[in-house]
>>> print(open('data.txt').read())   # compact mmCIF, C-alpha atoms
# COMPACT_ATOMS: atom_id res chain seq x y z
CA MET A 1 0.00 0.00 0.00
CA ASN A 2 1.45 3.31 -1.11
CA THR A 3 0.51 6.14 1.30
CA SER A 4 2.89 8.84 0.11
CA ARG A 5 1.26 12.19 -0.57
CA HIS A 6 2.55 14.91 -2.84
CA ARG A 7 2.65 18.43 -1.54
CA GLY A 8 2.79 21.67 -3.52
CA LEU A 9 1.33 22.94 -6.75
CA SER A 10 1.88 21.72 -10.26
CA LEU A 11 3.24 24.07 -12.90
CA ILE A 12 -0.19 24.27 -14.56
CA GLU A 13 -1.88 25.24 -11.28
CA LEU A 14 0.72 27.95 -10.72
CA MET A 15 0.26 29.32 -14.25
CA VAL A 16 -3.54 29.45 -13.87
CA THR A 17 -3.19 31.23 -10.52
CA LEU A 18 -0.80 33.82 -11.98
CA ALA A 19 -3.13 34.37 -14.96
CA VAL A 20 -6.08 35.03 -12.62
CA ILE A 21 -4.00 37.48 -10.55
CA LEU A 22 -2.86 39.28 -13.70
CA VAL A 23 -6.42 39.65 -15.01
CA LEU A 24 -7.62 41.00 -11.66
CA ALA A 25 -4.71 43.46 -11.47
CA LEU A 26 -5.36 44.75 -14.99
CA ALA A 27 -9.09 45.11 -14.39
CA GLY A 28 -8.68 46.82 -11.00
CA GLY A 29 -5.62 48.97 -11.73
CA PRO A 30 -7.11 52.11 -13.33
CA PRO A 31 -10.06 52.39 -10.92
CA MET A 32 -7.69 51.90 -7.98
CA ALA A 33 -5.35 54.64 -9.24
CA ASP A 34 -8.33 56.99 -9.66
CA LEU A 35 -9.50 56.15 -6.15
CA LEU A 36 -6.07 56.96 -4.75
CA ARG A 37 -5.95 60.31 -6.57
CA ASN A 38 -9.44 61.18 -5.31
CA ASN A 39 -8.48 60.27 -1.76
CA ARG A 40 -5.31 62.35 -1.97
CA LEU A 41 -7.25 65.42 -3.18
CA THR A 42 -9.90 64.95 -0.50
CA ALA A 43 -7.27 64.60 2.24
CA GLN A 44 -5.52 67.77 1.07
CA ALA A 45 -8.83 69.66 0.93
CA ASN A 46 -9.72 68.44 4.43
CA ALA A 47 -6.33 69.57 5.79
CA LEU A 48 -6.84 73.01 4.25
CA ASN A 49 -10.38 73.10 5.63
CA ALA A 50 -8.98 72.37 9.11
CA GLY A 51 -6.40 75.14 8.70
CA VAL A 52 -9.04 77.71 7.77
CA VAL A 53 -11.30 76.65 10.65
CA ARG A 54 -8.34 76.83 13.03
CA ALA A 55 -7.40 80.32 11.84
CA ARG A 56 -10.94 81.58 12.38
CA GLY A 57 -11.26 79.92 15.79
CA GLU A 58 -7.92 81.27 16.99
CA ALA A 59 -8.86 84.78 15.85
CA VAL A 60 -12.02 84.65 17.94
CA SER A 61 -10.38 83.08 21.01
CA ARG A 62 -7.37 85.44 20.90
CA ARG A 63 -9.55 88.46 20.04
CA GLY A 64 -7.21 89.61 17.29
CA TRP A 65 -6.04 89.06 13.73
CA VAL A 66 -5.06 85.55 12.68
CA THR A 67 -3.88 84.93 9.14
CA LEU A 68 -3.60 81.94 6.82
CA CYS A 69 -1.04 82.52 4.05
CA SER A 70 0.81 80.58 1.37
CA SER A 71 4.29 79.50 2.42
CA THR A 72 7.19 77.66 0.85
CA ASP A 73 9.14 76.98 4.04
CA GLY A 74 6.44 76.46 6.69
CA ASP A 75 7.67 79.50 8.60
CA LEU A 76 7.12 82.71 6.61
CA CYS A 77 4.52 83.85 4.10
CA ARG A 78 5.38 83.59 0.45
CA THR A 79 6.43 86.96 -1.02
CA SER A 80 6.31 86.14 -4.75
CA ASN A 81 3.77 84.11 -6.75
CA THR A 82 1.50 84.44 -3.73
CA ASN A 83 -1.43 82.78 -5.53
CA GLN A 84 0.48 79.49 -5.68
CA TRP A 85 -0.45 77.71 -2.47
CA GLU A 86 0.57 74.14 -3.37
CA SER A 87 3.97 74.59 -1.67
CA GLY A 88 2.20 74.80 1.67
CA TRP A 89 0.54 77.28 4.02
CA ILE A 90 0.82 78.58 7.58
CA VAL A 91 -1.55 79.96 10.22
CA PHE A 92 -0.17 82.62 12.56
CA VAL A 93 -1.17 85.34 15.01
CA ASP A 94 -0.97 88.51 12.92
CA THR A 95 -0.27 91.05 15.66
CA ASN A 96 0.40 93.89 13.22
CA GLY A 97 -2.47 92.89 10.88
CA ASN A 98 -0.39 93.13 7.71
CA GLY A 99 -0.88 89.55 6.41
CA ALA A 100 2.83 88.72 6.52
CA ARG A 101 4.47 86.81 9.36
CA VAL A 102 7.51 88.13 11.18
CA SER A 103 9.52 85.97 13.57
CA THR A 104 7.91 87.49 16.68
CA GLU A 105 4.38 86.44 15.61
CA ALA A 106 3.26 83.05 16.94
CA LEU A 107 3.07 80.27 14.36
CA LEU A 108 -0.07 78.21 15.06
CA ALA A 109 -0.18 75.62 12.27
CA ALA A 110 1.44 74.66 8.99
CA GLY A 111 0.28 72.60 6.03
CA GLY A 112 2.90 70.85 3.94
CA ALA A 113 3.41 70.82 0.20
CA PHE A 114 0.82 69.07 -1.94
CA ALA A 115 1.46 66.06 -4.13
CA THR A 116 3.46 66.59 -7.30
CA GLY A 117 1.25 67.97 -10.04
CA ALA A 118 -1.42 69.29 -7.65
CA THR A 119 -2.28 72.98 -7.60
CA LEU A 120 -4.03 75.15 -5.04
CA ARG A 121 -5.30 78.52 -6.19
CA LEU A 122 -7.64 81.18 -4.83
CA ALA A 123 -10.65 82.78 -6.48
CA GLY A 124 -12.62 85.76 -5.20
CA PHE A 125 -10.43 86.77 -2.25
CA THR A 126 -9.23 90.39 -2.18
CA ASN A 127 -5.64 89.25 -1.62
CA ALA A 128 -4.28 86.10 -3.28
CA GLY A 129 -1.51 85.66 -0.72
CA PHE A 130 -3.46 85.44 2.51
CA VAL A 131 -6.83 85.14 4.22
CA ARG A 132 -7.10 87.12 7.45
CA PHE A 133 -9.71 86.78 10.21
CA ASP A 134 -10.54 89.49 12.75
CA ALA A 135 -11.51 89.12 16.41
CA ARG A 136 -15.12 88.37 15.45
CA GLY A 137 -14.08 85.57 13.07
CA LEU A 138 -14.90 87.62 9.99
CA PRO A 139 -12.57 87.32 6.99
CA ASP A 140 -11.27 90.41 5.24
CA SER A 141 -12.94 88.99 2.09
CA ALA A 142 -14.83 85.92 0.93
CA GLY A 143 -13.54 83.51 -1.69
CA THR A 144 -12.74 79.95 -2.71
CA PHE A 145 -9.67 77.71 -2.58
CA ILE A 146 -9.49 75.45 -5.67
CA LEU A 147 -7.44 72.26 -5.41
CA CYS A 148 -6.68 70.51 -8.72
CA ASP A 149 -4.61 67.64 -10.04
CA ALA A 150 -3.68 66.61 -13.59
CA ARG A 151 -7.26 65.45 -14.27
CA GLY A 152 -8.50 69.06 -14.36
CA ALA A 153 -11.46 70.99 -13.03
CA ALA A 154 -13.98 68.13 -13.28
CA ARG A 155 -12.14 66.38 -10.42
CA ALA A 156 -11.17 69.49 -8.45
CA ARG A 157 -12.05 70.10 -4.81
CA THR A 158 -13.18 73.48 -3.48
CA VAL A 159 -13.13 74.97 0.00
CA ALA A 160 -14.80 78.36 0.36
CA VAL A 161 -14.93 81.00 3.08
CA ASN A 162 -18.15 83.02 3.02
CA ALA A 163 -18.60 86.63 4.13
CA VAL A 164 -19.21 85.66 7.78
CA GLY A 165 -16.15 83.41 7.92
CA LYS A 166 -17.89 80.07 7.70
CA VAL A 167 -16.11 77.38 5.71
CA VAL A 168 -18.45 75.89 3.10
CA ARG A 169 -18.22 73.50 0.17
CA PRO A 170 -19.90 75.19 -2.82
CA VAL A 171 -22.71 73.18 -4.42
CA ASP A 172 -22.78 72.28 -8.12
CA THR A 173 -25.93 74.29 -8.86
CA ASN A 174 -25.72 73.92 -12.64
CA ALA A 175 -25.34 70.11 -12.43
CA ASN A 176 -22.47 69.94 -14.92
CA GLY A 177 -20.27 67.84 -12.64
CA SER A 178 -17.66 70.54 -12.00
CA PRO A 179 -17.30 72.02 -8.53
CA GLN A 180 -18.15 75.68 -8.24
CA VAL A 181 -16.59 78.68 -6.60
CA LEU A 182 -18.43 80.77 -4.03
CA THR A 183 -19.48 83.34 -6.62
CA GLY A 184 -21.34 80.64 -8.59
CA GLY A 185 -19.09 79.99 -11.59
CA ASP A 186 -17.32 76.72 -12.27
CA ALA A 187 -13.90 76.14 -10.71
CA THR A 188 -11.02 76.39 -13.15
CA CYS A 189 -7.60 74.79 -12.94
CA PRO A 190 -4.31 76.17 -14.26
>>> encode(input="data.txt", output="structure tokens")
Amino acid sequence: MNTSRHRGLSLIELMVTLAVILVLALAGGPPMADLLRNNRLTAQANALNAGVVRARGEAVSRRGWVTLCSSTDGDLCRTSNTNQWESGWIVFVDTNGNGARVSTEALLAAGGAFATGATLRLAGFTNAGFVRFDARGLPDSAGTFILCDARGAARARTVAVNAVGKVVRPVDTNANGSPQVLTGGDATCP
């Protein structure tokens, strides 16, 4: 009586298994990449949203100016190309109310650079380099942050600050699938 048992897989079983894995990877690859890009944009928009909310809350609790500005180094406000926010941003106590941080002003928060190829621009704000909140939590102007990646405006994310300082996500009122800015037009990407 022969009771020996073979263990392992035959070459044919291995080839069939690899073929099934390859088919699943090819079928699931593009949707998975799109999902990852969507999640990255959403995470960046949520971080910016938190920064804006923090700036407004700190302005009210400290009873003074607090500013959110674009920054390339996480310490000082950007002085050139101020509408390009994808390099990062900072929140600070703006004791002199000028929208630019000096070393004696307390740094409250910083947001890092966005993923390669992502852009963050402003629409509607009076100043493209900063958003400033007063002691009542009111911004110096209302507007929209527009976060884009290589897929363009149809996949963009928007974070808006209305006239009373509330952070809102503009609604697609014209049902064309593109997010809108606070003033009602479609978001555009560079």
>>> atom_distance(input="data.txt", atom1="atom CA of Asp75 of chain A", atom2="atom CA of Trp89 of chain A")
8.8 Å
>>> closest_residue(input="data.txt", among="A:Asn49, A:Ser178, A:Thr144, A:Ser61", to="Ala163 of chain A", atoms="all atoms listed in the file")
A:Thr144
>>> residues_around(input="data.txt", residues="Glu105 of chain A", least_positions_apart="4", cutoff="12 Å", atoms="all atoms listed in the file", output="JSON, numbers by chain")
{"A": [65, 66, 67, 75, 76, 77, 90, 91, 92, 93, 94, 95, 96, 97, 98, 99, 100, 101]}
>>> atom_distance(input="data.txt", atom1="atom CA of Thr79 of chain A", atom2="atom CA of Leu138 of chain A")
24.0 Å
>>> residues_around(input="data.txt", residues="Pro179 of chain A", least_positions_apart="2", cutoff="12 Å", atoms="all atoms listed in the file", output="number ranges by chain")
A: 144-148, 152-160, 169-177, 181-189
>>> residues_around(input="data.txt", residues="Glu58 of chain A", least_positions_apart="4", cutoff="9 Å", atoms="all atoms listed in the file", output="list in words")
Val53, Arg54, Arg62, Arg63, Gly64, Trp65, Val66, Val93, Leu108, Phe133, Ala135 and Gly137 of chain A
>>> residues_around(input="data.txt", residues="Phe125 of chain A", least_positions_apart="5", cutoff="7 Å", atoms="only C-alpha atoms", output="ChimeraX atom specification")
/A:141-143
>>> closest_residue(input="data.txt", among="A:Thr17, A:Ser71, A:Asn46, A:Asn83", to="Thr126 of chain A", atoms="all atoms listed in the file")
A:Asn83
>>> residues_around(input="data.txt", residues="Asp149 of chain A", least_positions_apart="6", cutoff="10 Å", atoms="all atoms listed in the file", output="PyMOL selection string")
chain A and resi 37-38+40-41+114-120+155-157+189-190
>>> atom_distance(input="data.txt", atom1="atom CA of Ala25 of chain A", atom2="atom CA of Asn39 of chain A")
19.8 Å
>>> build_atoms(input="data.txt", residues="segment 35-48 of chain A", atoms="N, CA and C atoms", output="PDB file, in the coordinates of the input")
ATOM      1  N   LEU A  35      -9.087  56.086  -7.548  1.00  0.00           N
ATOM      2  CA  LEU A  35      -9.500  56.150  -6.150  1.00  0.00           C
ATOM      3  C   LEU A  35      -8.415  56.775  -5.285  1.00  0.00           C
ATOM      4  N   LEU A  36      -7.173  56.396  -5.525  1.00  0.00           N
ATOM      5  CA  LEU A  36      -6.070  56.960  -4.750  1.00  0.00           C
ATOM      6  C   LEU A  36      -5.909  58.455  -5.004  1.00  0.00           C
ATOM      7  N   ARG A  37      -6.033  58.872  -6.262  1.00  0.00           N
ATOM      8  CA  ARG A  37      -5.950  60.310  -6.570  1.00  0.00           C
ATOM      9  C   ARG A  37      -7.099  61.077  -5.921  1.00  0.00           C
ATOM     10  N   ASN A  38      -8.298  60.526  -5.958  1.00  0.00           N
ATOM     11  CA  ASN A  38      -9.440  61.180  -5.310  1.00  0.00           C
ATOM     12  C   ASN A  38      -9.227  61.296  -3.810  1.00  0.00           C
ATOM     13  N   ASN A  39      -8.730  60.241  -3.196  1.00  0.00           N
ATOM     14  CA  ASN A  39      -8.480  60.270  -1.760  1.00  0.00           C
ATOM     15  C   ASN A  39      -7.404  61.281  -1.393  1.00  0.00           C
ATOM     16  N   ARG A  40      -6.374  61.385  -2.227  1.00  0.00           N
ATOM     17  CA  ARG A  40      -5.310  62.350  -1.970  1.00  0.00           C
ATOM     18  C   ARG A  40      -5.854  63.777  -2.033  1.00  0.00           C
ATOM     19  N   LEU A  41      -6.655  64.086  -3.062  1.00  0.00           N
ATOM     20  CA  LEU A  41      -7.250  65.420  -3.180  1.00  0.00           C
ATOM     21  C   LEU A  41      -8.172  65.729  -1.998  1.00  0.00           C
ATOM     22  N   THR A  42      -8.974  64.754  -1.622  1.00  0.00           N
ATOM     23  CA  THR A  42      -9.900  64.950  -0.500  1.00  0.00           C
ATOM     24  C   THR A  42      -9.136  65.178   0.799  1.00  0.00           C
ATOM     25  N   ALA A  43      -8.077  64.423   1.025  1.00  0.00           N
ATOM     26  CA  ALA A  43      -7.270  64.600   2.240  1.00  0.00           C
ATOM     27  C   ALA A  43      -6.634  65.984   2.277  1.00  0.00           C
ATOM     28  N   GLN A  44      -6.126  66.449   1.127  1.00  0.00           N
ATOM     29  CA  GLN A  44      -5.520  67.770   1.070  1.00  0.00           C
ATOM     30  C   GLN A  44      -6.571  68.864   1.292  1.00  0.00           C
ATOM     31  N   ALA A  45      -7.749  68.690   0.722  1.00  0.00           N
ATOM     32  CA  ALA A  45      -8.830  69.660   0.930  1.00  0.00           C
ATOM     33  C   ALA A  45      -9.272  69.671   2.392  1.00  0.00           C
ATOM     34  N   ASN A  46      -9.328  68.510   3.018  1.00  0.00           N
ATOM     35  CA  ASN A  46      -9.720  68.440   4.430  1.00  0.00           C
ATOM     36  C   ASN A  46      -8.673  69.099   5.328  1.00  0.00           C
ATOM     37  N   ALA A  47      -7.393  68.931   5.003  1.00  0.00           N
ATOM     38  CA  ALA A  47      -6.330  69.570   5.790  1.00  0.00           C
ATOM     39  C   ALA A  47      -6.427  71.092   5.663  1.00  0.00           C
ATOM     40  N   LEU A  48      -6.667  71.574   4.458  1.00  0.00           N
ATOM     41  CA  LEU A  48      -6.840  73.010   4.250  1.00  0.00           C
ATOM     42  C   LEU A  48      -8.074  73.511   4.998  1.00  0.00           C
TER      43      LEU A  48
END
